[in-house]
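S.K.: Data: structure-v8.txt, compact mmCIF, C-alpha atoms.
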```txt
# COMPACT_ATOMS: atom_id res chain seq x y z
CA MET A 214 -131.20 -81.58 -25.88
CA GLU A 215 -130.08 -80.57 -22.41
CA GLY A 216 -126.67 -82.25 -22.94
CA GLN A 217 -126.15 -80.32 -26.15
CA ILE A 218 -126.91 -77.05 -24.35
CA ASN A 219 -124.38 -77.91 -21.61
CA ARG A 220 -121.71 -78.63 -24.24
CA ILE A 221 -122.38 -75.24 -25.88
CA ARG A 222 -122.12 -73.52 -22.49
CA SER A 223 -118.84 -75.32 -21.81
CA VAL A 224 -117.31 -74.20 -25.14
CA MET A 225 -118.52 -70.61 -24.60
CA SER A 226 -117.02 -70.62 -21.11
CA GLU A 227 -113.63 -71.76 -22.43
CA ASP A 228 -113.73 -69.08 -25.14
CA CYS A 229 -114.47 -66.43 -22.52
CA VAL A 230 -111.56 -67.61 -20.42
CA VAL A 231 -109.22 -67.39 -23.42
CA LEU A 232 -110.49 -63.93 -24.32
CA LEU A 233 -110.11 -62.80 -20.72
CA GLU A 234 -106.51 -64.09 -20.56
CA GLU A 235 -105.70 -62.35 -23.84
CA LEU A 236 -107.23 -59.12 -22.52
CA ILE A 237 -105.21 -59.31 -19.30
CA GLN A 238 -101.99 -59.94 -21.23
CA SER A 239 -102.81 -57.09 -23.60
CA ASN A 240 -103.34 -54.75 -20.66
CA ARG A 241 -100.02 -55.82 -19.14
CA ASP A 242 -98.21 -55.18 -22.43
CA LEU A 243 -99.89 -51.81 -22.75
CA ALA A 244 -98.93 -50.86 -19.19
CA ALA A 245 -95.29 -51.85 -19.88
CA GLU A 246 -95.27 -49.84 -23.10
CA ASN A 247 -96.75 -46.81 -21.31
CA GLU A 248 -94.10 -47.07 -18.61
CA LYS A 249 -91.37 -47.20 -21.25
CA LEU A 250 -92.82 -44.16 -23.03
CA ARG A 251 -93.10 -42.30 -19.71
CA GLN A 252 -89.43 -42.95 -18.92
CA GLU A 253 -88.36 -41.84 -22.40
CA HIS A 254 -90.49 -38.70 -22.09
CA GLU A 255 -88.95 -37.87 -18.70
CA LYS A 256 -85.46 -38.37 -20.15
CA THR A 257 -86.22 -36.16 -23.16
CA SER A 258 -87.82 -33.48 -20.99
CA LYS A 259 -84.77 -33.48 -18.74
CA HIS A 260 -82.40 -33.03 -21.70
CA GLN A 261 -84.54 -30.23 -23.12
CA ALA A 262 -84.74 -28.47 -19.74
CA GLU A 263 -80.96 -28.68 -19.42
CA ALA A 264 -80.54 -27.22 -22.92
CA LEU A 265 -82.86 -24.31 -22.09
CA ASN A 266 -81.09 -23.67 -18.78
CA ARG A 267 -77.70 -23.58 -20.53
CA ILE A 268 -78.96 -21.04 -23.05
CA GLU A 269 -80.62 -18.87 -20.38
CA GLN A 270 -77.41 -18.88 -18.33
CA ARG A 271 -75.33 -17.85 -21.35
CA LEU A 272 -77.69 -14.99 -22.13
CA LYS A 273 -77.65 -13.79 -18.51
CA GLU A 274 -73.87 -13.72 -18.56
CA GLY A 275 -73.90 -11.72 -21.79
CA GLU A 276 -72.04 -14.49 -23.54
CA THR A 277 -72.60 -15.55 -27.14
CA PRO A 278 -74.12 -19.06 -27.02
CA GLY A 279 -71.86 -21.91 -28.01
CA ILE A 280 -68.72 -19.75 -28.06
CA LEU A 281 -65.77 -20.86 -25.97
CA ARG A 282 -63.57 -18.13 -24.58
CA ARG A 283 -59.92 -18.00 -25.57
CA ARG A 284 -57.79 -19.62 -22.91
CA ALA A 285 -54.96 -17.55 -21.50
CA ARG A 286 -51.47 -18.96 -21.12
CA PRO A 287 -50.45 -20.63 -17.87
CA GLY A 288 -49.73 -18.42 -14.88
CA ALA A 289 -51.50 -17.43 -11.68
CA ARG A 290 -52.72 -14.05 -12.93
CA ALA A 291 -53.63 -15.43 -16.34
CA ARG A 292 -55.72 -18.19 -14.74
CA GLU A 293 -57.44 -15.63 -12.52
CA ALA A 294 -58.29 -13.37 -15.49
CA ARG A 295 -59.40 -16.39 -17.51
CA ASN A 296 -62.08 -17.28 -14.96
CA ILE A 297 -63.65 -13.81 -15.01
CA ALA A 298 -66.73 -13.47 -17.22
CA VAL A 299 -66.23 -10.48 -19.52
CA PRO A 300 -69.36 -8.99 -21.15
CA ALA A 301 -69.17 -8.42 -24.90
CA ALA A 302 -69.82 -4.69 -24.40
CA CYS A 303 -66.76 -4.45 -22.14
CA ARG A 304 -64.57 -6.21 -24.70
CA ARG A 305 -65.70 -3.82 -27.41
CA SER A 306 -65.22 -0.75 -25.22
CA VAL A 307 -61.63 -1.48 -24.11
CA ARG A 308 -60.57 -2.40 -27.65
CA LYS A 309 -62.14 0.73 -29.08
CA LEU A 310 -60.38 3.01 -26.61
CA TYR A 311 -57.11 1.13 -27.06
CA ARG A 312 -57.32 1.90 -30.78
CA VAL A 313 -58.06 5.56 -29.97
CA LEU A 314 -55.01 5.79 -27.71
CA ILE A 315 -52.69 4.02 -30.17
CA LYS A 316 -53.03 7.01 -32.51
CA ARG A 317 -51.36 9.26 -29.92
CA GLU A 318 -47.63 9.79 -29.91
CA ASP A 319 -47.31 9.14 -26.18
CA PHE A 320 -48.97 5.70 -26.39
CA ASN A 321 -47.07 2.84 -28.02
CA GLY A 322 -49.46 -0.01 -27.24
CA PHE A 323 -48.68 -3.49 -25.95
CA GLU A 324 -45.13 -4.78 -25.75
CA LEU A 325 -45.82 -8.07 -27.51
CA ASP A 326 -42.33 -9.44 -26.84
CA GLU A 327 -43.01 -9.27 -23.11
CA ASN A 328 -45.40 -11.14 -20.83
CA ALA A 329 -48.95 -9.81 -20.54
CA ASN A 330 -48.29 -9.07 -16.87
CA SER A 331 -44.97 -7.26 -17.35
CA ASP A 332 -44.67 -3.78 -15.85
CA ASN A 333 -44.88 -2.15 -19.28
CA ASN A 334 -48.02 -4.00 -20.31
CA ARG A 335 -49.70 -3.52 -16.97
CA GLY A 336 -49.03 0.20 -17.34
CA ILE A 337 -50.63 0.12 -20.81
CA MET A 338 -53.68 -1.69 -19.44
CA ASP A 339 -54.01 0.74 -16.54
CA ARG A 340 -54.00 3.64 -18.97
CA VAL A 341 -56.73 2.09 -21.12
CA ILE A 342 -58.80 1.41 -18.01
CA GLU A 343 -58.43 5.05 -16.92
CA GLN A 344 -59.60 6.13 -20.36
CA VAL A 345 -62.67 3.88 -20.07
CA LEU A 346 -63.46 5.31 -16.63
CA HIS A 347 -63.06 8.83 -18.00
CA GLU A 348 -65.51 8.04 -20.82
CA TYR A 349 -68.12 6.85 -18.33
CA GLY A 350 -67.55 9.61 -15.78
CA GLY A 351 -65.81 7.60 -13.07
CA GLN A 352 -65.86 4.16 -11.49
CA GLU A 353 -69.29 4.77 -9.93
CA ARG A 354 -70.91 5.16 -13.36
CA CYS A 355 -68.84 2.57 -15.20
CA PRO A 356 -70.77 -0.73 -15.57
CA TRP A 357 -67.61 -2.84 -15.11
CA SER A 358 -65.10 -3.27 -12.33
CA ARG A 359 -61.35 -2.79 -12.88
CA ALA A 360 -60.88 -6.55 -12.58
CA ILE A 361 -63.29 -7.20 -15.46
CA MET A 362 -61.62 -4.56 -17.66
CA GLN A 363 -58.21 -5.98 -16.75
CA ALA A 364 -59.37 -9.45 -17.83
CA ALA A 365 -60.71 -8.02 -21.11
CA LEU A 366 -57.36 -6.35 -21.83
CA GLN A 367 -55.41 -9.50 -20.98
CA ARG A 368 -57.42 -11.37 -23.60
CA TYR A 369 -56.93 -8.53 -26.08
CA PHE A 370 -53.18 -8.76 -25.51
CA LEU A 371 -53.29 -12.48 -26.36
CA SER A 372 -55.31 -11.70 -29.49
CA CYS A 373 -52.75 -9.09 -30.62
CA HIS A 374 -49.91 -11.50 -29.86
CA GLU A 375 -51.54 -14.28 -31.92
CA THR A 376 -52.27 -11.88 -34.81
CA ARG A 377 -48.62 -10.84 -34.99
CA ARG A 378 -47.50 -14.47 -34.88
CA LEU A 379 -49.80 -15.39 -37.75
CA LYS A 380 -48.67 -12.42 -39.84
CA THR A 381 -45.03 -13.38 -39.46
CA SER A 382 -45.80 -17.01 -40.36
CA LEU A 383 -47.63 -16.00 -43.58
CA LYS A 384 -50.85 -17.58 -42.31
CA TYR A 385 -52.65 -14.38 -41.43
CA GLU A 386 -54.97 -14.21 -44.46
CA GLU A 387 -55.93 -17.85 -43.99
CA HIS A 388 -56.57 -17.17 -40.31
CA LYS A 389 -58.72 -14.11 -41.11
CA LYS A 390 -60.80 -16.10 -43.58
CA LYS A 391 -61.33 -18.90 -41.09
CA SER A 392 -62.13 -16.44 -38.29
CA ARG A 393 -64.75 -14.68 -40.41
CA LYS A 394 -66.29 -18.02 -41.33
CA ASN A 395 -66.43 -19.10 -37.68
CA GLY A 396 -67.77 -15.68 -36.75
CA ARG A 397 -70.70 -16.04 -39.15
CA GLN A 398 -71.43 -19.46 -37.67
CA LYS A 399 -71.46 -17.98 -34.15
CA GLU A 400 -73.67 -15.08 -35.26
CA LYS A 401 -76.12 -17.57 -36.77
CA LEU A 402 -76.25 -19.46 -33.48
CA THR A 403 -76.80 -16.20 -31.59
CA ARG A 404 -79.65 -15.13 -33.88
CA ARG A 405 -81.42 -18.46 -33.52
CA THR A 406 -80.95 -18.46 -29.76
CA VAL A 407 -82.48 -14.99 -29.51
CA ALA A 408 -85.36 -16.11 -31.78
CA LEU A 409 -86.15 -18.96 -29.39
CA ASP A 410 -88.21 -16.55 -27.25
CA MET A 411 -89.85 -14.86 -30.26
CA ILE A 412 -91.93 -17.89 -31.27
CA GLN A 413 -95.25 -18.87 -29.73
CA TRP A 414 -94.41 -22.51 -29.13
CA GLN A 415 -97.15 -25.10 -28.79
CA ASP A 416 -95.78 -26.08 -25.38
CA ALA A 417 -92.57 -26.18 -23.33
CA ASN A 418 -91.66 -29.51 -24.92
CA ALA A 419 -91.60 -27.95 -28.42
CA LYS A 420 -89.38 -25.11 -27.21
CA GLY A 421 -87.06 -27.51 -25.41
CA ARG A 422 -86.84 -29.63 -28.56
CA ALA A 423 -85.64 -26.58 -30.52
CA ALA A 424 -83.18 -25.64 -27.77
CA GLU A 425 -81.55 -29.08 -28.02
CA VAL A 426 -80.17 -28.32 -31.49
CA LEU A 427 -78.75 -24.89 -30.69
CA LEU A 428 -75.15 -26.09 -30.84
CA LEU A 429 -72.37 -24.31 -32.72
CA ASP A 430 -71.42 -27.38 -34.77
CA ALA A 431 -75.05 -27.86 -35.81
CA MET A 432 -74.96 -24.53 -37.67
CA SER A 433 -74.23 -24.71 -41.40
CA SER A 434 -71.12 -22.90 -42.64
CA GLU A 435 -71.03 -20.15 -45.26
CA GLU A 436 -68.58 -19.02 -47.94
CA SER A 437 -68.40 -15.37 -49.03
CA SER A 438 -69.35 -14.42 -52.61
CA TYR A 439 -67.29 -11.56 -54.05
CA GLU A 440 -67.61 -9.00 -56.82
CA ASP A 441 -65.35 -6.20 -58.00
CA ASP A 442 -66.25 -2.93 -56.25
CA GLY A 443 -65.20 -0.87 -59.28
CA ASP A 444 -61.81 0.05 -57.82
CA GLY A 445 -60.28 -3.35 -58.33
CA GLN A 446 -61.06 -4.46 -54.77
CA PRO A 447 -63.19 -7.50 -53.87
CA LYS A 448 -66.53 -6.75 -52.22
CA VAL A 449 -68.71 -9.28 -50.36
CA VAL A 450 -72.13 -9.36 -52.05
CA GLY A 451 -73.62 -12.46 -50.44
CA TYR A 452 -72.97 -15.86 -48.92
CA LYS A 453 -73.20 -19.44 -50.13
CA VAL A 454 -74.55 -21.80 -47.47
CA LYS A 455 -72.98 -25.26 -47.27
CA ARG A 456 -75.72 -27.59 -46.14
CA LEU A 457 -75.05 -30.33 -43.60
CA PRO A 458 -75.66 -33.66 -45.39
CA TRP A 459 -76.80 -35.42 -42.22
CA GLU A 460 -79.39 -32.91 -40.97
CA SER A 461 -82.97 -34.17 -40.93
CA ARG A 462 -86.00 -32.47 -42.43
CA SER A 463 -87.22 -31.69 -38.89
CA LEU A 464 -83.96 -29.94 -38.06
CA ARG A 465 -84.12 -27.87 -41.25
CA LYS A 466 -87.71 -26.89 -40.45
CA THR A 467 -86.76 -25.85 -36.90
CA LYS A 468 -83.89 -23.69 -38.18
CA LYS A 469 -86.17 -22.14 -40.83
CA ASN A 470 -88.78 -21.21 -38.21
CA LEU A 471 -86.15 -19.61 -35.97
CA ASP A 472 -84.64 -17.67 -38.89
CA LYS A 473 -88.07 -16.49 -40.00
CA ALA A 474 -88.91 -15.25 -36.49
CA TYR A 475 -85.62 -13.38 -36.19
CA GLN A 476 -85.93 -11.84 -39.67
CA LYS A 477 -89.44 -10.66 -38.83
CA SER A 478 -88.10 -8.82 -35.75
CA LEU A 479 -85.61 -6.74 -37.77
CA THR A 480 -86.20 -3.13 -38.76
CA LYS A 481 -86.73 -2.23 -42.41
CA ARG A 482 -83.21 -0.80 -42.62
CA ALA A 483 -81.65 -3.90 -41.05
CA LYS A 484 -83.49 -6.11 -43.53
CA GLU A 485 -82.21 -4.03 -46.45
CA ARG A 486 -78.62 -4.35 -45.20
CA THR A 487 -78.84 -8.13 -44.86
CA LEU A 488 -76.80 -9.81 -47.60
CA PRO A 489 -78.54 -12.57 -49.60
CA ARG A 490 -77.78 -16.22 -48.93
CA THR A 491 -78.00 -19.03 -51.48
CA VAL A 492 -77.54 -22.77 -51.08
CA SER A 493 -74.16 -23.96 -52.34
CA SER A 494 -73.83 -27.08 -54.47
CA ASP A 495 -71.00 -28.15 -52.13
CA LEU A 496 -71.93 -29.93 -48.92
CA SER A 497 -70.24 -29.46 -45.58
CA GLU A 498 -67.84 -32.20 -44.49
CA ARG A 499 -68.59 -31.80 -40.78
CA GLU A 500 -69.95 -34.74 -38.82
CA PRO A 501 -72.98 -34.48 -36.48
CA PRO A 502 -71.87 -32.91 -33.17
CA HIS A 503 -71.89 -34.92 -29.97
CA GLY A 504 -75.09 -34.45 -27.99
CA LEU A 505 -77.37 -33.80 -30.96
CA PRO A 506 -80.74 -35.60 -30.51
CA ASP A 507 -81.57 -38.51 -32.82
CA TRP A 508 -84.51 -36.71 -34.46
CA ALA A 509 -82.12 -34.06 -35.85
CA VAL A 510 -79.97 -36.58 -37.74
CA GLU A 511 -81.31 -38.02 -40.99
CA ASN A 512 -80.16 -41.62 -40.58
CA CYS A 513 -81.49 -41.78 -37.00
CA ASN A 514 -85.10 -40.98 -37.88
```
In structure tokens, what does this structure look like?
M.R.:
Amino acid sequence: MEGQINRIRSVMSEDCVVLLEELIQSNRDLAAENEKLRQEHEKTSKHQAEALNRIEQRLKEGETPGILRRRARPGARAREARNIAVPAACRRSVRKLYRVLIKREDFNGFELDENANSDNNRGIMDRVIEQVLHEYGGQERCPWSRAIMQAALQRYFLSCHETRRLKTSLKYEEHKKKSRKNGRQKEKLTRRTVALDMIQWQDANAKGRAAEVLLLDAMSSEESSYEDDGDGQPKVVGYKVKRLPWESRSLRKTKKNLDKAYQKSLTKRAKERTLPRTVSSDLSEREPPHGLPDWAVENCN
């Protein structure tokens, strides 16, 4: 009887040892898995923080997110002007006053056959700058320095030069259509970037996750829908959205939440002026942009 009891104890002891070894190995595997998850979380958090910092920096500079500035042509002064950050309000102001001056008989506008820094064009730019300063009541009250306004006018000169080139090459209408399409894409990115701070996110990780997909090439494109305005002229009555075939359900949900938050912030009048958007049967041919996280792409989920 005693020998039988000892044999039972021996078997139980071996079973305990096996269970203990399995438990130790399980704990080791779990610790390794936790370490892997921790490293992945740190990597994701870093990417999201970088995305948020990029967006915050763009907003501080008054720059539309995701939009690259037009590069000036080679030259010392052109490179200097190119590196100056020009606020959108400054660009609008100098162009508006340029168009006011062009209506006067004593103002002929840019000499597009000459260099942007020729004496004639510098004189034109100086006159526009003086008009801006006059509008604001002097340099002390003007929110921009002469250097910033000069940079804005240099870029406007390049824009006028390119417009004339396109018109003479019979590609102007195509260029205008493409520019409007790109402009709507950029506006969509801007709206969603602004909406990022309008949502009560669950935590910083959720906000950073949304910031990761705020890239220009991750915005769907739109085609204008036209109707006759009654005078034989086409009138835009809405837009057809070309969906991105590769975007995941999570990405679509994130975009929808941002759009809903922005729409909610609009005034009643602004909402009434917003043209309707419908989903087109045609899909976009664009590929996923570089840097887009895996969760935003359908075949990576």
S.K.: Record the distance separating CA of Leu409 in chain A and CA of Leu457 in chain A, expressed in Å with one decimal.
M.R.: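 We find that CA of Leu409 in chain A and CA of Leu457 in chain A lie 21.3 Å from each other.
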S.K.: Rounded to one decimal place, report the CA of Ala417 in chain A-CA of Pro501 in chain A distance in Å.
M.R.: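 So the two atoms, CA of Ala417 in chain A and CA of Pro501 in chain A, lie 25.0 Å apart.
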S.K.: Please tell me which residues are no farther than 9 Å from (-74.5, -19.4, -36.7) in the file, counting only C-alpha atoms, and write them as a ChimeraX atom specification.
M.R.: /A:395-405,428-434
S.K.: What is the CA of Asp495 in chain A-CA of Gly451 in chain A distance in Å, reported with one decimal?
M.R.: 16.0 Å
S.K.: Applying 12 Å and all atoms listed in the file, which residues near Arg486 in chain A remain after dropping the ones on its own chain fewer than 5 positions away? List them as a ChimeraX atom specification.
M.R.: /A:450-451,476,479-481
S.K.: Please provide as a list in words all residues within 12 Å of Lys466 in chain A, with the sequence filter that same-chain residues fewer than 5 positions apart are discarded (counting all atoms listed in the file).
M.R.: Ala423, Val426, Glu460, Ser461, Leu471, Asp472, Lys473, Trp508 and Ala509 of chain A
S.K.: Could I get range 413-432 of chain A rebuilt with N, CA, C and O atoms, written as a tab-separated table (two decimals), keeping the file's coordinate frame?
M.R.:
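Generated file (out10.tsv):
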```
chain	number	residue	atom	x	y	z
A	413	GLN	N	-94.21	-18.36	-30.61
A	413	GLN	CA	-95.25	-18.87	-29.73
A	413	GLN	C	-95.29	-20.39	-29.87
A	413	GLN	O	-95.97	-20.94	-30.73
A	414	TRP	N	-94.52	-21.05	-29.03
A	414	TRP	CA	-94.41	-22.51	-29.13
A	414	TRP	C	-95.70	-23.18	-28.65
A	414	TRP	O	-96.42	-22.64	-27.81
A	415	GLN	N	-95.94	-24.36	-29.17
A	415	GLN	CA	-97.15	-25.10	-28.79
A	415	GLN	C	-97.13	-25.44	-27.31
A	415	GLN	O	-98.14	-25.38	-26.63
A	416	ASP	N	-95.95	-25.80	-26.81
A	416	ASP	CA	-95.78	-26.08	-25.38
A	416	ASP	C	-94.29	-26.03	-25.06
A	416	ASP	O	-93.45	-25.80	-25.93
A	417	ALA	N	-93.96	-26.23	-23.77
A	417	ALA	CA	-92.57	-26.18	-23.33
A	417	ALA	C	-91.73	-27.28	-23.97
A	417	ALA	O	-90.53	-27.10	-24.21
A	418	ASN	N	-92.38	-28.39	-24.29
A	418	ASN	CA	-91.66	-29.51	-24.92
A	418	ASN	C	-91.16	-29.11	-26.31
A	418	ASN	O	-90.03	-29.45	-26.70
A	419	ALA	N	-91.99	-28.39	-27.07
A	419	ALA	CA	-91.60	-27.95	-28.42
A	419	ALA	C	-90.44	-26.97	-28.35
A	419	ALA	O	-89.50	-27.03	-29.15
A	420	LYS	N	-90.47	-26.07	-27.37
A	420	LYS	CA	-89.38	-25.11	-27.21
A	420	LYS	C	-88.10	-25.82	-26.78
A	420	LYS	O	-87.01	-25.52	-27.28
A	421	GLY	N	-88.23	-26.76	-25.86
A	421	GLY	CA	-87.06	-27.51	-25.41
A	421	GLY	C	-86.46	-28.34	-26.53
A	421	GLY	O	-85.24	-28.48	-26.62
A	422	ARG	N	-87.31	-28.85	-27.41
A	422	ARG	CA	-86.84	-29.63	-28.56
A	422	ARG	C	-85.98	-28.76	-29.48
A	422	ARG	O	-84.93	-29.20	-29.96
A	423	ALA	N	-86.41	-27.51	-29.69
A	423	ALA	CA	-85.64	-26.58	-30.52
A	423	ALA	C	-84.33	-26.20	-29.83
A	423	ALA	O	-83.29	-26.07	-30.48
A	424	ALA	N	-84.38	-26.03	-28.52
A	424	ALA	CA	-83.18	-25.64	-27.77
A	424	ALA	C	-82.10	-26.71	-27.84
A	424	ALA	O	-80.90	-26.41	-27.79
A	425	GLU	N	-82.51	-27.97	-27.98
A	425	GLU	CA	-81.55	-29.08	-28.02
A	425	GLU	C	-80.58	-28.98	-29.19
A	425	GLU	O	-79.46	-29.47	-29.12
A	426	VAL	N	-81.01	-28.35	-30.28
A	426	VAL	CA	-80.17	-28.32	-31.49
A	426	VAL	C	-79.39	-27.02	-31.63
A	426	VAL	O	-78.71	-26.81	-32.64
A	427	LEU	N	-79.49	-26.15	-30.63
A	427	LEU	CA	-78.75	-24.89	-30.69
A	427	LEU	C	-77.31	-25.12	-30.23
A	427	LEU	O	-76.90	-24.69	-29.15
A	428	LEU	N	-76.57	-25.80	-31.06
A	428	LEU	CA	-75.15	-26.09	-30.84
A	428	LEU	C	-74.36	-25.48	-31.99
A	428	LEU	O	-74.82	-25.46	-33.14
A	429	LEU	N	-73.17	-24.99	-31.70
A	429	LEU	CA	-72.37	-24.31	-32.72
A	429	LEU	C	-72.10	-25.21	-33.92
A	429	LEU	O	-72.23	-24.79	-35.07
A	430	ASP	N	-71.75	-26.47	-33.68
A	430	ASP	CA	-71.42	-27.38	-34.77
A	430	ASP	C	-72.64	-27.88	-35.52
A	430	ASP	O	-72.50	-28.63	-36.50
A	431	ALA	N	-73.84	-27.50	-35.08
A	431	ALA	CA	-75.05	-27.86	-35.81
A	431	ALA	C	-75.48	-26.73	-36.75
A	431	ALA	O	-76.49	-26.84	-37.43
A	432	MET	N	-74.68	-25.65	-36.77
A	432	MET	CA	-74.96	-24.53	-37.67
A	432	MET	C	-74.21	-24.73	-38.98
A	432	MET	O	-73.01	-25.05	-38.97
```
